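Engineer: See input.csv below, with CSV, C-alpha atoms.
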```csv
chain,number,residue,atom,x,y,z
A,20,MET,CA,14.4,-0.4,10.9
A,21,ILE,CA,13.6,3.0,12.5
A,22,PRO,CA,15.1,6.2,11.1
A,23,HIS,CA,18.5,7.1,12.4
A,24,LEU,CA,18.9,10.7,11.4
A,25,VAL,CA,16.5,13.5,10.5
A,26,THR,CA,18.2,16.3,8.7
A,27,VAL,CA,16.5,19.7,8.5
A,28,ARG,CA,18.0,22.5,6.4
A,29,HIS,CA,16.7,26.0,6.1
A,30,ARG,CA,18.1,28.6,3.8
A,31,ARG,CA,17.2,32.1,4.8
A,32,ARG,CA,16.7,35.1,2.6
A,33,GLY,CA,20.3,36.1,3.1
A,34,GLY,CA,21.4,32.8,1.6
A,35,ARG,CA,22.7,31.4,4.9
A,36,TRP,CA,21.9,27.8,5.7
A,37,LEU,CA,20.7,26.6,9.0
A,38,ARG,CA,21.3,22.9,9.4
A,39,LEU,CA,19.8,20.8,12.1
A,40,TYR,CA,20.7,17.1,12.5
A,41,VAL,CA,18.4,15.2,14.8
A,42,PRO,CA,19.6,11.7,15.9
A,43,VAL,CA,16.3,9.8,16.3
A,44,LEU,CA,17.3,7.2,18.8
A,45,PRO,CA,18.9,9.5,21.4
A,46,VAL,CA,16.0,11.9,21.1
A,47,LEU,CA,13.5,9.0,21.6
A,48,LEU,CA,15.4,7.9,24.7
A,49,VAL,CA,15.3,11.4,26.1
A,50,LEU,CA,11.6,11.8,25.4
A,51,SER,CA,10.8,8.2,26.4
A,52,PRO,CA,8.7,9.3,29.5
A,53,LEU,CA,6.6,11.5,27.2
A,54,LEU,CA,6.5,8.7,24.6
A,55,LEU,CA,5.2,6.3,27.2
A,56,LEU,CA,2.4,8.7,28.1
A,57,ALA,CA,1.6,9.2,24.4
A,58,VAL,CA,1.4,5.4,23.9
A,59,LEU,CA,-0.9,5.0,26.9
A,60,ALA,CA,-3.1,7.8,25.6
A,61,GLY,CA,-3.2,6.1,22.2
A,62,LEU,CA,-4.2,2.8,23.8
A,63,VAL,CA,-7.0,4.5,25.6
A,64,ALA,CA,-8.1,6.2,22.4
A,65,CYS,CA,-8.0,2.8,20.6
A,66,LEU,CA,-10.2,1.2,23.3
A,67,ALA,CA,-12.6,4.1,23.2
A,68,THR,CA,-13.0,4.0,19.4
A,69,ARG,CA,-12.9,0.1,19.3
A,70,VAL,CA,-9.8,0.0,17.2
A,71,SER,CA,-7.4,-2.9,17.7
A,72,PRO,CA,-4.5,-1.5,19.8
A,73,VAL,CA,-2.2,-4.2,18.5
A,74,GLY,CA,-3.1,-3.4,14.9
A,75,ALA,CA,-2.6,0.3,15.6
A,76,LEU,CA,0.8,-0.3,17.2
A,77,ARG,CA,1.9,-2.5,14.3
A,78,GLY,CA,0.7,0.1,11.8
A,79,ALA,CA,2.6,2.9,13.6
A,80,GLY,CA,5.7,0.7,13.7
A,81,GLN,CA,5.4,0.0,9.9
A,82,LEU,CA,5.0,3.7,9.2
A,83,LEU,CA,8.0,4.5,11.3
A,84,SER,CA,10.2,1.8,9.7
A,85,ALA,CA,9.1,3.0,6.2
A,86,LEU,CA,10.2,6.6,6.8
A,87,PRO,CA,13.9,6.3,5.9
A,88,GLY,CA,14.4,7.6,2.4
A,89,THR,CA,11.8,10.3,2.6
A,90,ARG,CA,13.0,13.6,1.3
A,91,ILE,CA,11.1,16.8,1.0
A,92,GLU,CA,12.6,19.9,-0.6
A,93,ILE,CA,10.8,23.2,-1.0
A,94,GLU,CA,12.5,26.1,-2.5
A,95,GLN,CA,11.1,29.6,-3.2
A,96,GLY,CA,13.5,32.1,-4.5
A,97,ARG,CA,16.3,32.4,-2.1
A,98,THR,CA,14.6,30.6,0.8
A,99,ALA,CA,14.4,26.8,1.0
A,100,VAL,CA,13.5,24.1,3.5
A,101,LEU,CA,14.9,20.6,3.1
A,102,VAL,CA,13.9,17.6,5.3
A,103,SER,CA,15.4,14.3,4.8
A,104,VAL,CA,15.0,11.1,6.8
A,105,SER,CA,17.8,8.5,6.7
B,10,MET,CA,20.7,-16.5,-36.2
B,11,ASN,CA,19.1,-13.2,-36.4
B,12,GLU,CA,18.0,-11.5,-39.6
B,13,GLN,CA,20.7,-8.9,-39.8
B,14,ARG,CA,23.5,-11.5,-39.4
B,15,ARG,CA,21.9,-13.6,-42.1
B,16,GLN,CA,21.8,-10.6,-44.5
B,17,ILE,CA,25.5,-10.0,-43.9
B,18,LEU,CA,26.3,-13.6,-44.7
B,19,GLU,CA,24.2,-13.6,-47.8
B,20,MET,CA,26.0,-10.4,-49.0
B,21,LEU,CA,29.3,-12.2,-48.4
B,22,ALA,CA,28.1,-15.3,-50.2
B,23,GLU,CA,27.0,-13.2,-53.2
B,24,GLY,CA,30.4,-11.5,-53.2
B,25,ARG,CA,29.0,-8.1,-52.6
B,26,ILE,CA,31.3,-7.6,-49.6
B,27,THR,CA,34.6,-9.1,-48.6
B,28,ALA,CA,35.2,-11.4,-45.6
B,29,ASP,CA,36.9,-8.5,-43.8
B,30,GLU,CA,33.9,-6.3,-44.3
B,31,ALA,CA,31.6,-9.0,-43.2
B,32,GLU,CA,33.6,-9.5,-40.0
B,33,ARG,CA,33.5,-5.8,-39.3
B,34,LEU,CA,29.8,-5.7,-39.8
B,35,ILE,CA,29.2,-8.6,-37.6
B,36,ASP,CA,31.4,-7.1,-34.9
B,37,ALA,CA,29.4,-3.9,-35.1
B,38,LEU,CA,26.2,-5.8,-34.9
B,39,GLN,CA,27.4,-7.6,-31.7
B,40,ARG,CA,28.4,-4.3,-30.2
B,41,GLU,CA,24.9,-2.9,-30.9
B,42,GLN,CA,23.1,-6.0,-29.5
B,43,PRO,CA,25.1,-7.6,-26.8
B,44,GLU,CA,23.9,-11.2,-26.5
B,45,SER,CA,23.1,-12.6,-23.1
B,46,PRO,CA,24.8,-15.9,-22.4
B,47,PRO,CA,22.6,-18.9,-23.4
B,48,GLY,CA,20.4,-20.2,-20.7
B,49,ALA,CA,20.7,-17.0,-18.7
B,50,ALA,CA,17.4,-15.6,-17.5
B,51,PRO,CA,16.5,-12.1,-18.7
B,52,ARG,CA,17.5,-9.5,-16.0
B,53,PRO,CA,14.4,-8.5,-14.1
B,54,LYS,CA,13.5,-4.9,-14.2
B,55,ALA,CA,14.4,-3.2,-10.9
B,56,ARG,CA,11.4,-2.3,-8.9
B,57,PRO,CA,11.0,1.3,-8.1
B,58,LYS,CA,11.3,2.2,-4.4
B,59,TYR,CA,10.2,5.8,-4.3
B,60,LEU,CA,7.4,8.0,-5.5
B,61,ARG,CA,8.7,11.3,-6.7
B,62,VAL,CA,6.7,14.5,-7.1
B,63,VAL,CA,8.6,17.4,-8.7
B,64,VAL,CA,6.9,20.8,-9.2
B,65,SER,CA,8.8,23.7,-10.8
B,66,SER,CA,7.3,27.0,-11.1
B,67,ASP,CA,8.6,30.2,-12.7
B,68,ASP,CA,6.0,32.2,-11.0
B,69,ASN,CA,7.4,34.9,-8.8
B,70,PHE,CA,5.2,34.6,-5.7
B,71,GLY,CA,5.8,37.4,-3.3
B,72,GLY,CA,8.8,38.6,-5.3
B,73,ASP,CA,11.0,35.8,-4.0
B,74,GLY,CA,11.7,34.2,-7.4
B,75,PRO,CA,10.8,30.8,-8.9
B,76,GLY,CA,9.7,28.0,-6.7
B,77,ARG,CA,10.5,24.3,-6.7
B,78,VAL,CA,9.1,21.4,-4.7
B,79,ASN,CA,10.8,18.0,-4.8
B,80,VAL,CA,9.2,15.3,-2.7
B,81,ARG,CA,10.5,11.7,-2.5
B,82,VAL,CA,8.3,9.2,-0.6
B,83,PRO,CA,9.2,5.6,-0.2
B,84,LEU,CA,6.5,3.4,-1.7
B,85,GLN,CA,6.8,1.3,1.5
B,86,LEU,CA,5.5,4.3,3.4
B,87,LEU,CA,2.4,4.4,1.1
B,88,ARG,CA,1.8,0.7,1.7
B,89,ALA,CA,2.1,1.2,5.5
B,90,GLY,CA,-0.4,4.1,5.3
B,91,VAL,CA,-2.8,2.0,3.3
B,92,ARG,CA,-2.7,-0.8,5.9
B,93,LEU,CA,-3.7,1.7,8.5
B,94,THR,CA,-6.9,2.3,6.7
B,95,SER,CA,-8.0,-1.2,7.8
B,96,LEU,CA,-8.1,0.2,11.4
B,97,ILE,CA,-10.7,2.8,10.6
B,98,PRO,CA,-13.9,1.8,12.5
B,99,PRO,CA,-17.0,1.2,10.4
B,100,GLU,CA,-18.9,3.9,12.2
B,101,ALA,CA,-16.3,6.5,11.1
B,102,LEU,CA,-16.6,5.3,7.5
B,103,THR,CA,-20.4,5.6,7.7
B,104,HIS,CA,-20.1,9.2,9.1
B,105,ALA,CA,-17.5,10.0,6.4
B,106,ASN,CA,-19.9,8.6,3.7
B,107,ALA,CA,-22.7,10.7,5.0
B,108,GLU,CA,-20.6,13.9,4.9
B,109,LEU,CA,-19.3,13.1,1.4
B,110,ARG,CA,-22.8,12.5,0.2
B,111,ARG,CA,-23.9,15.8,1.8
B,112,SER,CA,-21.1,17.5,-0.1
B,113,GLY,CA,-22.2,16.1,-3.4
B,114,VAL,CA,-19.6,13.3,-3.6
B,115,PRO,CA,-21.5,10.0,-3.5
B,116,LEU,CA,-18.6,7.9,-2.6
B,117,ASP,CA,-19.0,4.7,-0.5
B,118,LEU,CA,-15.7,4.3,1.4
B,119,THR,CA,-16.9,1.0,2.9
B,120,GLN,CA,-16.5,-0.5,-0.6
B,121,LEU,CA,-12.9,0.6,-0.7
B,122,LYS,CA,-11.0,-2.4,0.6
B,123,PRO,CA,-7.3,-2.2,1.7
B,124,GLN,CA,-6.6,-4.8,-0.8
B,125,HIS,CA,-7.8,-2.6,-3.6
B,126,ILE,CA,-5.6,0.3,-2.5
B,127,GLU,CA,-2.7,-2.0,-2.0
B,128,ASP,CA,-3.2,-3.2,-5.6
B,129,LEU,CA,-3.3,0.4,-6.7
B,130,ILE,CA,0.1,1.1,-5.0
B,131,GLU,CA,1.5,-2.1,-6.5
B,132,HIS,CA,0.8,-0.7,-10.0
B,133,LEU,CA,2.0,2.8,-9.2
B,134,ASP,CA,5.4,1.6,-10.6
B,135,ASP,CA,4.3,2.3,-14.1
B,136,VAL,CA,2.7,5.6,-13.5
B,137,THR,CA,4.2,8.7,-15.0
B,138,ILE,CA,2.4,12.0,-15.0
B,139,ASP,CA,3.8,15.1,-16.7
B,140,VAL,CA,2.0,18.4,-16.7
B,141,ASP,CA,3.7,21.1,-18.7
B,142,GLN,CA,2.5,24.7,-18.7
B,143,PRO,CA,4.5,27.7,-19.9
B,144,ASP,CA,5.4,28.7,-16.3
B,145,THR,CA,4.8,25.5,-14.3
B,146,LYS,CA,5.9,21.9,-14.7
B,147,VAL,CA,4.6,19.0,-12.6
B,148,GLN,CA,6.1,15.5,-12.7
B,149,VAL,CA,4.9,12.4,-10.8
B,150,PHE,CA,6.8,9.2,-11.3
B,151,CYS,CA,8.3,6.2,-9.5
B,152,GLU,CA,12.1,5.6,-9.4
```
Do you think you could lay out the structure here as structure tokens?

Structural biologist:
Amino acid sequence: MIPHLVTVRHRRRGGRWLRLYVPVLPVLLVLSPLLLLAVLAGLVACLATRVSPVGALRGAGQLLSALPGTRIEIEQGRTAVLVSVS
Amino acid sequence: MNEQRRQILEMLAEGRITADEAERLIDALQREQPESPPGAAPRPKARPKYLRVVVSSDDNFGGDGPGRVNVRVPLQLLRAGVRLTSLIPPEALTHANAELRRSGVPLDLTQLKPQHIEDLIEHLDDVTIDVDQPDTKVQVFCE
């Protein structure tokens, strides 16, 4: 299952939080023309480097589906960045 | 019958404790060691799903105060990444080997099979790394 929501939180020096919620599926739909181009470029790259395109697509899919649950928190003093994929 | 229960019954038989005391002791023993129902399989240990890396530092970099890094990565993501290594073309591995050798690291990446790395990740479950310094603490574990 692909990630549903990517949450990015940024705490500035003043202590105020900036929260950004990115719904993955709608964003993918909006960017689908660019995504198509990227996939085509990837296929060409695979053929040029003699890498199996099917294997590469499958690997990318597995990576994408394994992303939910990832959480990265970095705090330094009063500033902080939190990224979570759910 | 376990050893402790046998000892209690022996003490009762020898008259060193009363029946009430023996009952209380056996009750306490059962509370300490809850018995699983006969025939029930032992509960399997839950497999960890995430690799956690926690770094806490009291160092005051740039005058901002102490720092903390907390990363949680699904083990499934590591497995998926490892599977991608099988896509690396042999020519790239040869080039990488040559560069590594030139840098003084005689490592043959062609000998590193995806199965080996997958086995490594399978056994990450039991890994716990704790590095303690007066001002920095690093923990790597699976949960």

Engineer: Would you kindly report the residues of chain A within 8 Å of chain B, using all atoms listed in the file, as number ranges by chain?

Structural biologist: A: 68-71, 74-75, 78, 81-82, 85-98

Engineer: Quick one: of B:Asp135, B:Glu12, B:Asp36, B:Asp29, who's nearest to Val149 (chain B), counting only C-alpha atoms?

Structural biologist: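 The closest residue to Val149 (chain B) is B:Asp135.
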
Engineer: Have a look at CA of Arg14 (chain B) and CA of Leu38 (chain B) and let me know their distance in Å, one decimal.

Structural biologist: 7.7 Å

Engineer: Work out how far CA of Asp144 (chain B) is from CA of Arg32 (chain A), in Å to one decimal.

Structural biologist: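 Going from CA of Arg32 (chain A) over to CA of Asp144 (chain B), I get 22.9 Å.
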
Engineer: Go through A:Ala79, A:Ala67, A:Val104, A:Leu55 one by one, measure the shortest atom-to-atom distance of each to Val43 (chain A) using only C-alpha atoms, and give the residue with the smallest value.

Structural biologist: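 For Val43 (chain A), the nearest of the candidates is A:Val104.
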
Engineer: Distance CA of Leu39 (chain A)-CA of Val25 (chain A), one decimal place?

Structural biologist: 8.2 Å

Engineer: Do you know which residues are at most 12 Å from Leu34 (chain B) counting only C-alpha atoms, after dropping those on the same chain fewer than 6 positions away, and could you put them as a ChimeraX atom specification?

Structural biologist: /B:13-18,20-21,26-28,40-41

Engineer: Export C-alpha atoms of region 20-59 of chain A from the structure just given, as a JSON list (two decimals), in the first residue's frame?

Structural biologist:
```json
[["chain", "number", "residue", "atom", "x", "y", "z"],
["A", 20, "MET", "CA", 0.00, 0.00, 0.00],
["A", 21, "ILE", "CA", 1.43, 3.37, -0.93],
["A", 22, "PRO", "CA", 1.74, 6.13, 1.69],
["A", 23, "HIS", "CA", -1.37, 8.20, 2.27],
["A", 24, "LEU", "CA", -0.06, 11.21, 4.07],
["A", 25, "VAL", "CA", 3.32, 12.82, 4.53],
["A", 26, "THR", "CA", 3.49, 15.19, 7.46],
["A", 27, "VAL", "CA", 6.27, 17.75, 7.68],
["A", 28, "ARG", "CA", 6.59, 19.89, 10.81],
["A", 29, "HIS", "CA", 9.11, 22.62, 11.26],
["A", 30, "ARG", "CA", 9.66, 24.49, 14.50],
["A", 31, "ARG", "CA", 11.31, 27.85, 14.02],
["A", 32, "ARG", "CA", 13.55, 29.65, 16.48],
["A", 33, "GLY", "CA", 10.61, 31.59, 17.81],
["A", 34, "GLY", "CA", 9.00, 28.31, 18.83],
["A", 35, "ARG", "CA", 6.22, 28.52, 16.26],
["A", 36, "TRP", "CA", 5.37, 25.34, 14.39],
["A", 37, "LEU", "CA", 4.86, 25.19, 10.64],
["A", 38, "ARG", "CA", 2.86, 22.12, 9.73],
["A", 39, "LEU", "CA", 2.52, 20.77, 6.22],
["A", 40, "TYR", "CA", 0.26, 17.83, 5.45],
["A", 41, "VAL", "CA", 0.84, 16.33, 2.00],
["A", 42, "PRO", "CA", -1.82, 13.87, 0.79],
["A", 43, "VAL", "CA", 0.20, 11.59, -1.46],
["A", 44, "LEU", "CA", -2.46, 10.29, -3.84],
["A", 45, "PRO", "CA", -3.94, 13.68, -4.86],
["A", 46, "VAL", "CA", -0.45, 15.10, -5.31],
["A", 47, "LEU", "CA", 0.52, 12.11, -7.45],
["A", 48, "LEU", "CA", -2.59, 12.64, -9.58],
["A", 49, "VAL", "CA", -1.79, 16.32, -10.06],
["A", 50, "LEU", "CA", 1.80, 15.52, -10.95],
["A", 51, "SER", "CA", 0.90, 12.48, -13.07],
["A", 52, "PRO", "CA", 2.08, 14.05, -16.38],
["A", 53, "LEU", "CA", 5.48, 14.74, -14.83],
["A", 54, "LEU", "CA", 5.45, 11.30, -13.25],
["A", 55, "LEU", "CA", 4.82, 9.71, -16.64],
["A", 56, "LEU", "CA", 7.80, 11.57, -18.07],
["A", 57, "ALA", "CA", 9.94, 10.48, -15.14],
["A", 58, "VAL", "CA", 8.91, 6.85, -15.64],
["A", 59, "LEU", "CA", 9.76, 7.07, -19.33]]
```
